[in-house]
>>> print(open('work00.txt').read())   # compact mmCIF, C-alpha atoms
# COMPACT_ATOMS: atom_id res chain seq x y z
CA MET A 1 0.00 0.00 0.00
CA PRO A 2 1.48 3.41 -0.93
CA ARG A 3 2.47 5.43 2.14
CA SER A 4 0.43 8.40 0.91
CA SER A 5 -2.75 6.33 1.16
CA LEU A 6 -2.08 5.82 4.87
CA ILE A 7 -2.11 9.53 5.70
CA ALA A 8 -5.13 10.75 7.64
CA SER A 9 -5.96 13.75 9.81
CA PHE A 10 -8.27 14.24 12.77
CA ALA A 11 -10.52 17.26 13.03
CA TRP A 12 -9.16 20.24 14.99
CA SER A 13 -9.24 19.62 18.74
CA VAL A 14 -10.58 22.53 20.78
CA PRO A 15 -10.05 21.20 24.35
CA ILE A 16 -6.46 21.64 25.51
CA ALA A 17 -4.17 18.57 25.17
CA THR A 18 -6.91 16.00 24.50
CA GLN A 19 -5.42 15.51 21.04
CA CYS A 20 -2.45 13.80 22.71
CA LEU A 21 -4.77 11.09 24.01
CA HIS A 22 -6.43 10.75 20.61
CA ALA A 23 -3.00 10.29 19.04
CA ALA A 24 -1.96 7.73 21.65
CA GLY A 25 -5.15 5.75 21.02
CA SER A 26 -4.56 5.86 17.29
CA ALA A 27 -0.97 4.72 17.78
CA LEU A 28 -2.19 1.79 19.87
CA ALA A 29 -4.60 0.83 17.07
CA PHE A 30 -1.76 0.96 14.54
CA LYS A 31 0.33 -1.32 16.74
CA ILE A 32 -2.48 -3.83 17.31
CA ARG A 33 -3.23 -3.93 13.57
CA LYS A 34 0.49 -4.17 12.75
CA GLU A 35 0.16 -1.20 10.40
CA PRO A 36 3.35 0.71 9.44
CA ARG A 37 1.82 3.97 10.60
CA VAL A 38 2.77 6.64 13.11
CA ALA A 39 0.51 9.02 15.05
CA LEU A 40 1.79 12.60 15.33
CA ALA A 41 0.27 15.27 17.53
CA THR A 42 1.24 18.86 18.25
CA VAL A 43 0.51 20.59 21.55
CA GLY A 44 1.31 24.00 23.00
CA ASP A 45 3.59 24.63 25.95
CA GLY A 46 0.57 25.27 28.17
CA GLY A 47 -0.95 21.96 27.12
CA THR A 48 1.95 20.06 28.69
CA SER A 49 0.59 21.06 32.11
CA LYS A 50 -2.64 19.13 31.49
CA GLY A 51 -3.28 15.61 32.76
CA ASP A 52 -4.26 14.50 29.26
CA PHE A 53 -0.71 15.16 28.08
CA TYR A 54 0.86 13.17 30.92
CA ALA A 55 -1.56 10.27 30.45
CA ALA A 56 -0.74 10.15 26.75
CA ILE A 57 3.03 10.06 27.10
CA ASN A 58 2.78 7.56 29.97
CA ALA A 59 0.68 5.21 27.83
CA ALA A 60 3.06 5.69 24.90
CA GLY A 61 6.06 4.77 27.00
CA ALA A 62 4.41 1.85 28.77
CA MET A 63 3.20 0.27 25.51
CA THR A 64 6.03 1.42 23.19
CA LEU A 65 3.57 3.12 20.86
CA PRO A 66 4.43 4.55 17.43
CA LEU A 67 3.73 8.09 18.60
CA VAL A 68 5.48 11.42 18.10
CA ILE A 69 4.34 14.48 20.07
CA VAL A 70 5.71 17.87 19.09
CA ILE A 71 5.46 20.56 21.76
CA VAL A 72 5.21 23.98 20.13
CA ASN A 73 6.82 26.03 22.87
CA ASN A 74 5.96 29.58 21.83
CA GLN A 75 6.72 30.85 25.36
CA TYR A 76 3.16 31.85 26.30
CA ALA A 77 0.01 29.91 27.21
CA ILE A 78 -2.24 32.79 26.20
CA SER A 79 -0.86 35.36 28.69
CA THR A 80 0.94 32.99 31.05
CA PRO A 81 4.71 32.97 30.37
CA ARG A 82 6.64 29.72 30.15
CA ARG A 83 8.45 30.34 33.48
CA MET A 84 5.12 30.31 35.37
CA GLN A 85 3.72 27.16 33.77
CA THR A 86 6.01 24.47 35.12
CA GLY A 87 9.06 23.87 37.29
CA ALA A 88 10.69 21.65 34.65
CA GLN A 89 13.85 23.17 33.16
CA THR A 90 12.70 22.06 29.70
CA LEU A 91 9.41 20.73 28.41
CA ALA A 92 11.17 17.99 26.46
CA GLN A 93 12.50 16.40 29.64
CA LYS A 94 8.96 15.60 30.73
CA GLY A 95 9.36 12.56 28.49
CA ILE A 96 12.05 11.14 30.80
CA ALA A 97 9.51 10.18 33.47
CA ALA A 98 7.45 8.44 30.78
CA GLY A 99 10.48 6.46 29.64
CA ILE A 100 10.43 7.83 26.11
CA ALA A 101 12.98 9.56 23.91
CA CYS A 102 12.93 13.33 24.15
CA GLU A 103 14.71 16.16 22.39
CA GLN A 104 14.65 19.95 22.25
CA LEU A 105 15.14 21.73 18.93
CA ASP A 106 15.05 25.14 17.26
CA GLY A 107 11.44 25.47 16.18
CA ASN A 108 12.27 28.49 14.03
CA ASP A 109 14.61 26.42 11.85
CA LEU A 110 12.42 24.73 9.23
CA ILE A 111 15.17 22.38 8.07
CA ALA A 112 16.01 21.30 11.63
CA VAL A 113 12.33 20.66 12.40
CA ARG A 114 11.90 18.57 9.25
CA ASP A 115 15.01 16.55 10.04
CA VAL A 116 14.29 15.88 13.72
CA VAL A 117 10.59 15.12 13.25
CA GLY A 118 11.37 12.93 10.24
CA ARG A 119 13.87 10.85 12.21
CA ALA A 120 11.44 10.49 15.11
CA VAL A 121 8.68 9.31 12.77
CA GLU A 122 10.91 6.76 11.06
CA ARG A 123 12.14 5.52 14.43
CA ALA A 124 8.55 5.01 15.60
CA ARG A 125 7.61 3.30 12.33
CA ALA A 126 10.50 0.87 12.75
CA GLY A 127 9.28 -0.12 16.22
CA GLY A 128 11.66 2.10 18.16
CA GLY A 129 8.92 3.66 20.25
CA PRO A 130 7.59 7.15 20.91
CA THR A 131 9.39 10.49 20.97
CA LEU A 132 8.59 13.78 22.68
CA LEU A 133 9.98 16.84 20.88
CA GLU A 134 10.06 20.42 22.13
CA ALA A 135 10.26 23.00 19.34
CA LEU A 136 11.43 26.35 20.73
CA THR A 137 9.71 29.23 18.97
CA TYR A 138 7.79 32.41 19.80
CA ARG A 139 4.24 33.64 19.24
CA LEU A 140 4.68 36.91 17.36
CA SER A 141 1.00 37.82 17.23
CA ASP A 142 -1.83 38.02 19.73
CA HIS A 143 -3.13 34.66 20.94
CA THR A 144 -6.58 35.35 19.43
CA THR A 145 -8.51 38.35 18.15
CA ALA A 146 -9.73 38.79 21.73
CA ASP A 147 -6.18 38.95 23.09
CA ASP A 148 -3.98 42.02 23.60
CA ALA A 149 -0.42 40.75 23.98
CA THR A 150 0.90 44.23 24.76
CA ARG A 151 -0.56 43.81 28.25
CA TYR A 152 1.86 41.04 29.21
CA ARG A 153 5.00 41.42 27.06
CA SER A 154 7.17 44.33 26.01
CA ALA A 155 7.71 45.83 22.56
CA GLU A 156 11.46 45.23 22.99
CA GLU A 157 10.93 41.53 23.59
CA LEU A 158 8.76 41.25 20.49
CA LYS A 159 11.24 43.21 18.37
CA GLU A 160 14.07 40.84 19.29
CA GLN A 161 11.99 37.77 18.46
CA TRP A 162 11.11 39.10 15.01
CA LYS A 163 14.79 38.71 14.13
CA GLN A 164 14.34 34.94 14.46
CA GLU A 165 11.11 34.78 12.45
CA PRO A 166 11.28 31.43 10.57
CA ILE A 167 10.13 32.62 7.13
CA VAL A 168 12.68 35.45 7.14
CA ARG A 169 15.40 33.01 8.23
CA LEU A 170 14.54 30.52 5.53
CA ARG A 171 14.34 33.23 2.87
CA THR A 172 17.75 34.60 3.88
CA TRP A 173 19.31 31.15 3.78
CA LEU A 174 17.80 30.27 0.40
CA HIS A 175 18.92 33.60 -1.09
CA ALA A 176 22.44 32.99 0.19
CA LYS A 177 22.45 29.57 -1.47
CA GLY A 178 21.09 30.98 -4.72
CA ALA A 179 18.09 28.68 -4.41
CA TRP A 180 15.40 31.38 -4.24
CA SER A 181 14.79 34.88 -5.58
CA PRO A 182 12.41 37.80 -4.96
CA ALA A 183 10.81 37.18 -8.36
CA GLU A 184 10.07 33.55 -7.48
CA GLU A 185 8.63 34.60 -4.14
CA GLN A 186 6.34 37.17 -5.75
CA ALA A 187 5.12 34.57 -8.24
CA LEU A 188 4.46 32.10 -5.41
CA ALA A 189 2.59 34.71 -3.36
CA LYS A 190 0.42 35.60 -6.36
CA ASP A 191 -0.37 31.95 -7.05
CA ALA A 192 -1.15 31.30 -3.37
CA ALA A 193 -3.46 34.34 -3.17
CA ALA A 194 -5.35 33.14 -6.26
CA HIS A 195 -5.71 29.66 -4.79
CA VAL A 196 -6.98 31.02 -1.47
CA GLN A 197 -9.51 33.20 -3.25
CA LYS A 198 -10.69 30.20 -5.26
CA MET A 199 -11.21 28.19 -2.07
CA VAL A 200 -13.01 31.10 -0.38
CA GLN A 201 -15.36 31.42 -3.33
CA ALA A 202 -16.01 27.67 -3.31
CA TYR A 203 -16.98 27.96 0.36
CA LEU A 204 -19.25 30.92 -0.29
CA ASP A 205 -20.93 29.01 -3.13
CA THR A 206 -21.63 25.99 -0.91
CA PRO A 207 -25.30 25.78 0.11
CA PRO A 208 -25.90 26.01 3.87
CA PRO A 209 -26.28 22.62 5.59
CA GLY A 210 -29.76 21.39 6.45
CA PRO A 211 -30.78 20.65 10.06
CA GLU A 212 -30.82 16.91 9.33
CA GLN A 213 -27.02 16.95 9.17
CA MET A 214 -26.85 17.27 12.94
CA PHE A 215 -27.57 13.52 13.07
CA GLU A 216 -24.88 12.51 10.58
CA HIS A 217 -21.43 11.10 11.42
CA LEU A 218 -22.37 10.36 15.04
CA TYR A 219 -22.97 6.62 15.10
CA ALA A 220 -22.63 3.68 12.70
CA ARG A 221 -26.29 3.02 13.48
CA LEU A 222 -28.34 5.87 14.92
CA PRO A 223 -29.78 4.95 18.38
CA HIS A 224 -33.56 4.89 18.71
CA ALA A 225 -33.54 8.01 20.90
CA TYR A 226 -32.10 9.95 17.97
CA ALA A 227 -33.64 7.99 15.12
CA TRP A 228 -37.21 9.06 15.93
CA GLN A 229 -36.09 12.67 16.25
CA ALA A 230 -34.36 12.49 12.85
CA ALA A 231 -37.50 10.97 11.31
CA GLU A 232 -39.73 13.64 12.88
CA LEU A 233 -37.42 16.37 11.59
CA SER A 234 -37.49 14.86 8.10
CA GLU A 235 -41.30 14.78 8.10
CA GLU A 236 -41.46 18.37 9.31
CA SER A 237 -39.03 19.47 6.59
CA GLU A 238 -41.16 17.76 3.94
CA ARG A 239 -44.28 19.54 5.24
CA ASP A 240 -42.46 22.86 5.04
CA VAL A 241 -41.46 22.17 1.44
CA GLU A 242 -45.04 21.25 0.50
CA HIS A 243 -46.37 24.34 2.27
CA HIS A 244 -44.05 26.70 0.44
CA ALA A 245 -44.64 24.91 -2.87
CA GLY A 246 -48.41 25.28 -2.40
>>> encode(input="work00.txt", output="structure tokens")
Amino acid sequence: MPRSSLIASFAWSVPIATQCLHAAGSALAFKIRKEPRVALATVGDGGTSKGDFYAAINAAGAMTLPLVIVIVNNQYAISTPRRMQTGAQTLAQKGIAAGIACEQLDGNDLIAVRDVVGRAVERARAGGGPTLLEALTYRLSDHTTADDATRYRSAEELKEQWKQEPIVRLRTWLHAKGAWSPAEEQALAKDAAAHVQKMVQAYLDTPPPGPEQMFEHLYARLPHAYAWQAAELSEESERDVEHHAG
């Protein structure tokens, strides 16, 4: 089976750190089925303070699961700085107690991230067990549109971090190697903007979902408690259509 056909993604996880448990469960399924697959999850620095995170890495270590967890340490859990989140000197070393491999890396270095994550994935796929990675980076923007980061960090701190911005670093390196040019970047940006606009228009052209879709993708077989509600909704929708048509 081609490796590309084995790639799958879960929907975005809103609760903090629960995705680590989902990934651990998936990794266990891969191991039981003897599938050459690896579960990979990302979690923020603040998420490593949650019990879900600890339960996930403990299970991964105890059962030697094909799991890779990447901690995106951007220094702030919303407004809480890294130094106030945990007493651990590094977030990567939290994997030591779980008995799994752990490593800290420069999260602003795209090539380093690709290399380290790639090796961790291949190690897990070969049966070498899980890995916990801590990617050191920095959140340059507000946490959300409701956040005002100027209330808890200085302009000087932000200015210094912009010097390590990963896209700027990669661009500088590629230019130095003669592997990229401003003209190529402008062409890429134009193509990307056109593609985004196409996707936005496709979304805007999509008809709004009907109320019956609230019952879809919940169970393999809809329980009776929901089935009669779905049937009643369907009948009501049909009556509305007939009423408007009349």
>>> residues_around(input="work00.txt", residues="range 81-93 of chain A", least_positions_apart="5", cutoff="7 Å", atoms="all atoms listed in the file", output="list in words")
Gly46, Gln75, Tyr76, Cys102, Glu103, Gln104, Leu132, Leu133 and Glu134 of chain A
>>> atom_distance(input="work00.txt", atom1="CA of Trp173 in chain A", atom2="CA of Leu110 in chain A")
10.9 Å
>>> closest_residue(input="work00.txt", among="A:Ala202, A:Val38, A:Ala189, A:Ile7", to="Ala124 in chain A", atoms="all atoms listed in the file")
A:Val38
>>> residues_around(input="work00.txt", residues="range 21-26 of chain A", least_positions_apart="3", cutoff="12 Å", atoms="all atoms listed in the file", output="MDAnalysis selection string")
chainID A and resid 8:13 15:18 29:33 35 37:43 47 50:70 129:131
>>> write_last_selection(input="work00.txt", atoms="C-alpha atoms", output="mmCIF file, in the coordinates of the input")
data_model
loop_
_atom_site.group_PDB
_atom_site.id
_atom_site.type_symbol
_atom_site.label_atom_id
_atom_site.label_comp_id
_atom_site.auth_asym_id
_atom_site.auth_seq_id
_atom_site.Cartn_x
_atom_site.Cartn_y
_atom_site.Cartn_z
ATOM 1 C CA ALA A 8 -5.130 10.750 7.640
ATOM 2 C CA SER A 9 -5.960 13.750 9.810
ATOM 3 C CA PHE A 10 -8.270 14.240 12.770
ATOM 4 C CA ALA A 11 -10.520 17.260 13.030
ATOM 5 C CA TRP A 12 -9.160 20.240 14.990
ATOM 6 C CA SER A 13 -9.240 19.620 18.740
ATOM 7 C CA PRO A 15 -10.050 21.200 24.350
ATOM 8 C CA ILE A 16 -6.460 21.640 25.510
ATOM 9 C CA ALA A 17 -4.170 18.570 25.170
ATOM 10 C CA THR A 18 -6.910 16.000 24.500
ATOM 11 C CA ALA A 29 -4.600 0.830 17.070
ATOM 12 C CA PHE A 30 -1.760 0.960 14.540
ATOM 13 C CA LYS A 31 0.330 -1.320 16.740
ATOM 14 C CA ILE A 32 -2.480 -3.830 17.310
ATOM 15 C CA ARG A 33 -3.230 -3.930 13.570
ATOM 16 C CA GLU A 35 0.160 -1.200 10.400
ATOM 17 C CA ARG A 37 1.820 3.970 10.600
ATOM 18 C CA VAL A 38 2.770 6.640 13.110
ATOM 19 C CA ALA A 39 0.510 9.020 15.050
ATOM 20 C CA LEU A 40 1.790 12.600 15.330
ATOM 21 C CA ALA A 41 0.270 15.270 17.530
ATOM 22 C CA THR A 42 1.240 18.860 18.250
ATOM 23 C CA VAL A 43 0.510 20.590 21.550
ATOM 24 C CA GLY A 47 -0.950 21.960 27.120
ATOM 25 C CA LYS A 50 -2.640 19.130 31.490
ATOM 26 C CA GLY A 51 -3.280 15.610 32.760
ATOM 27 C CA ASP A 52 -4.260 14.500 29.260
ATOM 28 C CA PHE A 53 -0.710 15.160 28.080
ATOM 29 C CA TYR A 54 0.860 13.170 30.920
ATOM 30 C CA ALA A 55 -1.560 10.270 30.450
ATOM 31 C CA ALA A 56 -0.740 10.150 26.750
ATOM 32 C CA ILE A 57 3.030 10.060 27.100
ATOM 33 C CA ASN A 58 2.780 7.560 29.970
ATOM 34 C CA ALA A 59 0.680 5.210 27.830
ATOM 35 C CA ALA A 60 3.060 5.690 24.900
ATOM 36 C CA GLY A 61 6.060 4.770 27.000
ATOM 37 C CA ALA A 62 4.410 1.850 28.770
ATOM 38 C CA MET A 63 3.200 0.270 25.510
ATOM 39 C CA THR A 64 6.030 1.420 23.190
ATOM 40 C CA LEU A 65 3.570 3.120 20.860
ATOM 41 C CA PRO A 66 4.430 4.550 17.430
ATOM 42 C CA LEU A 67 3.730 8.090 18.600
ATOM 43 C CA VAL A 68 5.480 11.420 18.100
ATOM 44 C CA ILE A 69 4.340 14.480 20.070
ATOM 45 C CA VAL A 70 5.710 17.870 19.090
ATOM 46 C CA GLY A 129 8.920 3.660 20.250
ATOM 47 C CA PRO A 130 7.590 7.150 20.910
ATOM 48 C CA THR A 131 9.390 10.490 20.970
#
>>> atom_distance(input="work00.txt", atom1="CA of Ala97 in chain A", atom2="CA of Ala77 in chain A")
22.8 Å
>>> atom_distance(input="work00.txt", atom1="CA of Val14 in chain A", atom2="CA of Val117 in chain A")
23.7 Å
>>> residues_around(input="work00.txt", residues="Ala230 in chain A", least_positions_apart="5", cutoff="9 Å", atoms="only C-alpha atoms", output="list in words")
Glu212, Met214, Phe215 and Glu235 of chain A
>>> closest_residue(input="work00.txt", among="A:Asp115, A:Leu222, A:Ala194, A:Asp109", to="Arg171 in chain A", atoms="only C-alpha atoms")
A:Asp109
>>> closest_residue(input="work00.txt", among="A:Leu233, A:Val72, A:Ala120, A:Ala126", to="Pro36 in chain A", atoms="all atoms listed in the file")
A:Ala126
>>> closest_residue(input="work00.txt", among="A:Ser141, A:Thr206, A:Ser181, A:Gln229", to="Ala155 in chain A", atoms="only C-alpha atoms")
A:Ser141
>>> closest_residue(input="work00.txt", among="A:Leu140, A:Cys20, A:Ala176, A:Ala193", to="Trp162 in chain A", atoms="all atoms listed in the file")
A:Leu140
>>> closest_residue(input="work00.txt", among="A:Ser154, A:Gln19, A:Thr172, A:Gln164", to="Asp106 in chain A", atoms="only C-alpha atoms")
A:Gln164
>>> decode(input="work00.txt", residues="range 137-161 of chain A", atoms="N, CA and C atoms", output="PDB file, in the first residue's frame")
ATOM      1  N   THR A 137      10.088  28.187  19.911  1.00  0.00           N
ATOM      2  CA  THR A 137       9.706  29.229  18.967  1.00  0.00           C
ATOM      3  C   THR A 137       9.132  30.397  19.762  1.00  0.00           C
ATOM      4  N   TYR A 138       8.350  31.243  19.111  1.00  0.00           N
ATOM      5  CA  TYR A 138       7.792  32.407  19.801  1.00  0.00           C
ATOM      6  C   TYR A 138       6.529  32.847  19.075  1.00  0.00           C
ATOM      7  N   ARG A 139       5.482  33.156  19.852  1.00  0.00           N
ATOM      8  CA  ARG A 139       4.241  33.641  19.240  1.00  0.00           C
ATOM      9  C   ARG A 139       4.369  35.140  18.997  1.00  0.00           C
ATOM     10  N   LEU A 140       4.450  35.518  17.733  1.00  0.00           N
ATOM     11  CA  LEU A 140       4.681  36.912  17.361  1.00  0.00           C
ATOM     12  C   LEU A 140       3.413  37.748  17.342  1.00  0.00           C
ATOM     13  N   SER A 141       2.275  37.097  17.286  1.00  0.00           N
ATOM     14  CA  SER A 141       1.004  37.822  17.230  1.00  0.00           C
ATOM     15  C   SER A 141       0.233  37.638  18.528  1.00  0.00           C
ATOM     16  N   ASP A 142      -0.942  38.256  18.596  1.00  0.00           N
ATOM     17  CA  ASP A 142      -1.832  38.016  19.732  1.00  0.00           C
ATOM     18  C   ASP A 142      -2.290  36.563  19.710  1.00  0.00           C
ATOM     19  N   HIS A 143      -2.681  36.061  20.876  1.00  0.00           N
ATOM     20  CA  HIS A 143      -3.135  34.662  20.941  1.00  0.00           C
ATOM     21  C   HIS A 143      -4.393  34.458  20.102  1.00  0.00           C
ATOM     22  N   THR A 144      -5.354  35.366  20.222  1.00  0.00           N
ATOM     23  CA  THR A 144      -6.580  35.349  19.427  1.00  0.00           C
ATOM     24  C   THR A 144      -6.965  36.805  19.149  1.00  0.00           C
ATOM     25  N   THR A 145      -8.034  36.990  18.408  1.00  0.00           N
ATOM     26  CA  THR A 145      -8.506  38.347  18.147  1.00  0.00           C
ATOM     27  C   THR A 145      -9.022  39.015  19.413  1.00  0.00           C
ATOM     28  N   ALA A 146      -9.266  38.232  20.464  1.00  0.00           N
ATOM     29  CA  ALA A 146      -9.726  38.793  21.734  1.00  0.00           C
ATOM     30  C   ALA A 146      -8.573  39.081  22.687  1.00  0.00           C
ATOM     31  N   ASP A 147      -7.356  38.796  22.230  1.00  0.00           N
ATOM     32  CA  ASP A 147      -6.184  38.948  23.086  1.00  0.00           C
ATOM     33  C   ASP A 147      -5.445  40.243  22.755  1.00  0.00           C
ATOM     34  N   ASP A 148      -4.832  40.848  23.772  1.00  0.00           N
ATOM     35  CA  ASP A 148      -3.982  42.020  23.598  1.00  0.00           C
ATOM     36  C   ASP A 148      -2.646  41.706  24.253  1.00  0.00           C
ATOM     37  N   ALA A 149      -1.699  41.208  23.444  1.00  0.00           N
ATOM     38  CA  ALA A 149      -0.415  40.748  23.982  1.00  0.00           C
ATOM     39  C   ALA A 149       0.436  41.873  24.550  1.00  0.00           C
ATOM     40  N   THR A 150       0.122  43.115  24.219  1.00  0.00           N
ATOM     41  CA  THR A 150       0.905  44.231  24.760  1.00  0.00           C
ATOM     42  C   THR A 150       0.717  44.372  26.272  1.00  0.00           C
ATOM     43  N   ARG A 151      -0.285  43.721  26.813  1.00  0.00           N
ATOM     44  CA  ARG A 151      -0.564  43.807  28.253  1.00  0.00           C
ATOM     45  C   ARG A 151       0.370  42.923  29.070  1.00  0.00           C
ATOM     46  N   TYR A 152       1.018  41.947  28.427  1.00  0.00           N
ATOM     47  CA  TYR A 152       1.858  41.037  29.207  1.00  0.00           C
ATOM     48  C   TYR A 152       3.253  40.800  28.621  1.00  0.00           C
ATOM     49  N   ARG A 153       3.630  41.509  27.561  1.00  0.00           N
ATOM     50  CA  ARG A 153       4.996  41.417  27.064  1.00  0.00           C
ATOM     51  C   ARG A 153       5.401  42.751  26.432  1.00  0.00           C
ATOM     52  N   SER A 154       6.681  43.021  26.443  1.00  0.00           N
ATOM     53  CA  SER A 154       7.166  44.327  26.005  1.00  0.00           C
ATOM     54  C   SER A 154       7.401  44.384  24.499  1.00  0.00           C
ATOM     55  N   ALA A 155       7.424  45.612  23.986  1.00  0.00           N
ATOM     56  CA  ALA A 155       7.708  45.828  22.563  1.00  0.00           C
ATOM     57  C   ALA A 155       9.142  45.426  22.246  1.00  0.00           C
ATOM     58  N   GLU A 156      10.057  45.600  23.201  1.00  0.00           N
ATOM     59  CA  GLU A 156      11.460  45.234  22.993  1.00  0.00           C
ATOM     60  C   GLU A 156      11.614  43.726  22.838  1.00  0.00           C
ATOM     61  N   GLU A 157      10.886  42.990  23.673  1.00  0.00           N
ATOM     62  CA  GLU A 157      10.927  41.527  23.588  1.00  0.00           C
ATOM     63  C   GLU A 157      10.434  41.057  22.230  1.00  0.00           C
ATOM     64  N   LEU A 158       9.342  41.619  21.779  1.00  0.00           N
ATOM     65  CA  LEU A 158       8.763  41.248  20.490  1.00  0.00           C
ATOM     66  C   LEU A 158       9.710  41.599  19.344  1.00  0.00           C
ATOM     67  N   LYS A 159      10.320  42.773  19.420  1.00  0.00           N
ATOM     68  CA  LYS A 159      11.245  43.212  18.365  1.00  0.00           C
ATOM     69  C   LYS A 159      12.412  42.247  18.214  1.00  0.00           C
ATOM     70  N   GLU A 160      12.951  41.783  19.326  1.00  0.00           N
ATOM     71  CA  GLU A 160      14.071  40.838  19.287  1.00  0.00           C
ATOM     72  C   GLU A 160      13.661  39.508  18.656  1.00  0.00           C
ATOM     73  N   GLN A 161      12.455  39.054  18.974  1.00  0.00           N
ATOM     74  CA  GLN A 161      11.989  37.772  18.456  1.00  0.00           C
ATOM     75  C   GLN A 161      11.711  37.813  16.955  1.00  0.00           C
TER      76      GLN A 161
END
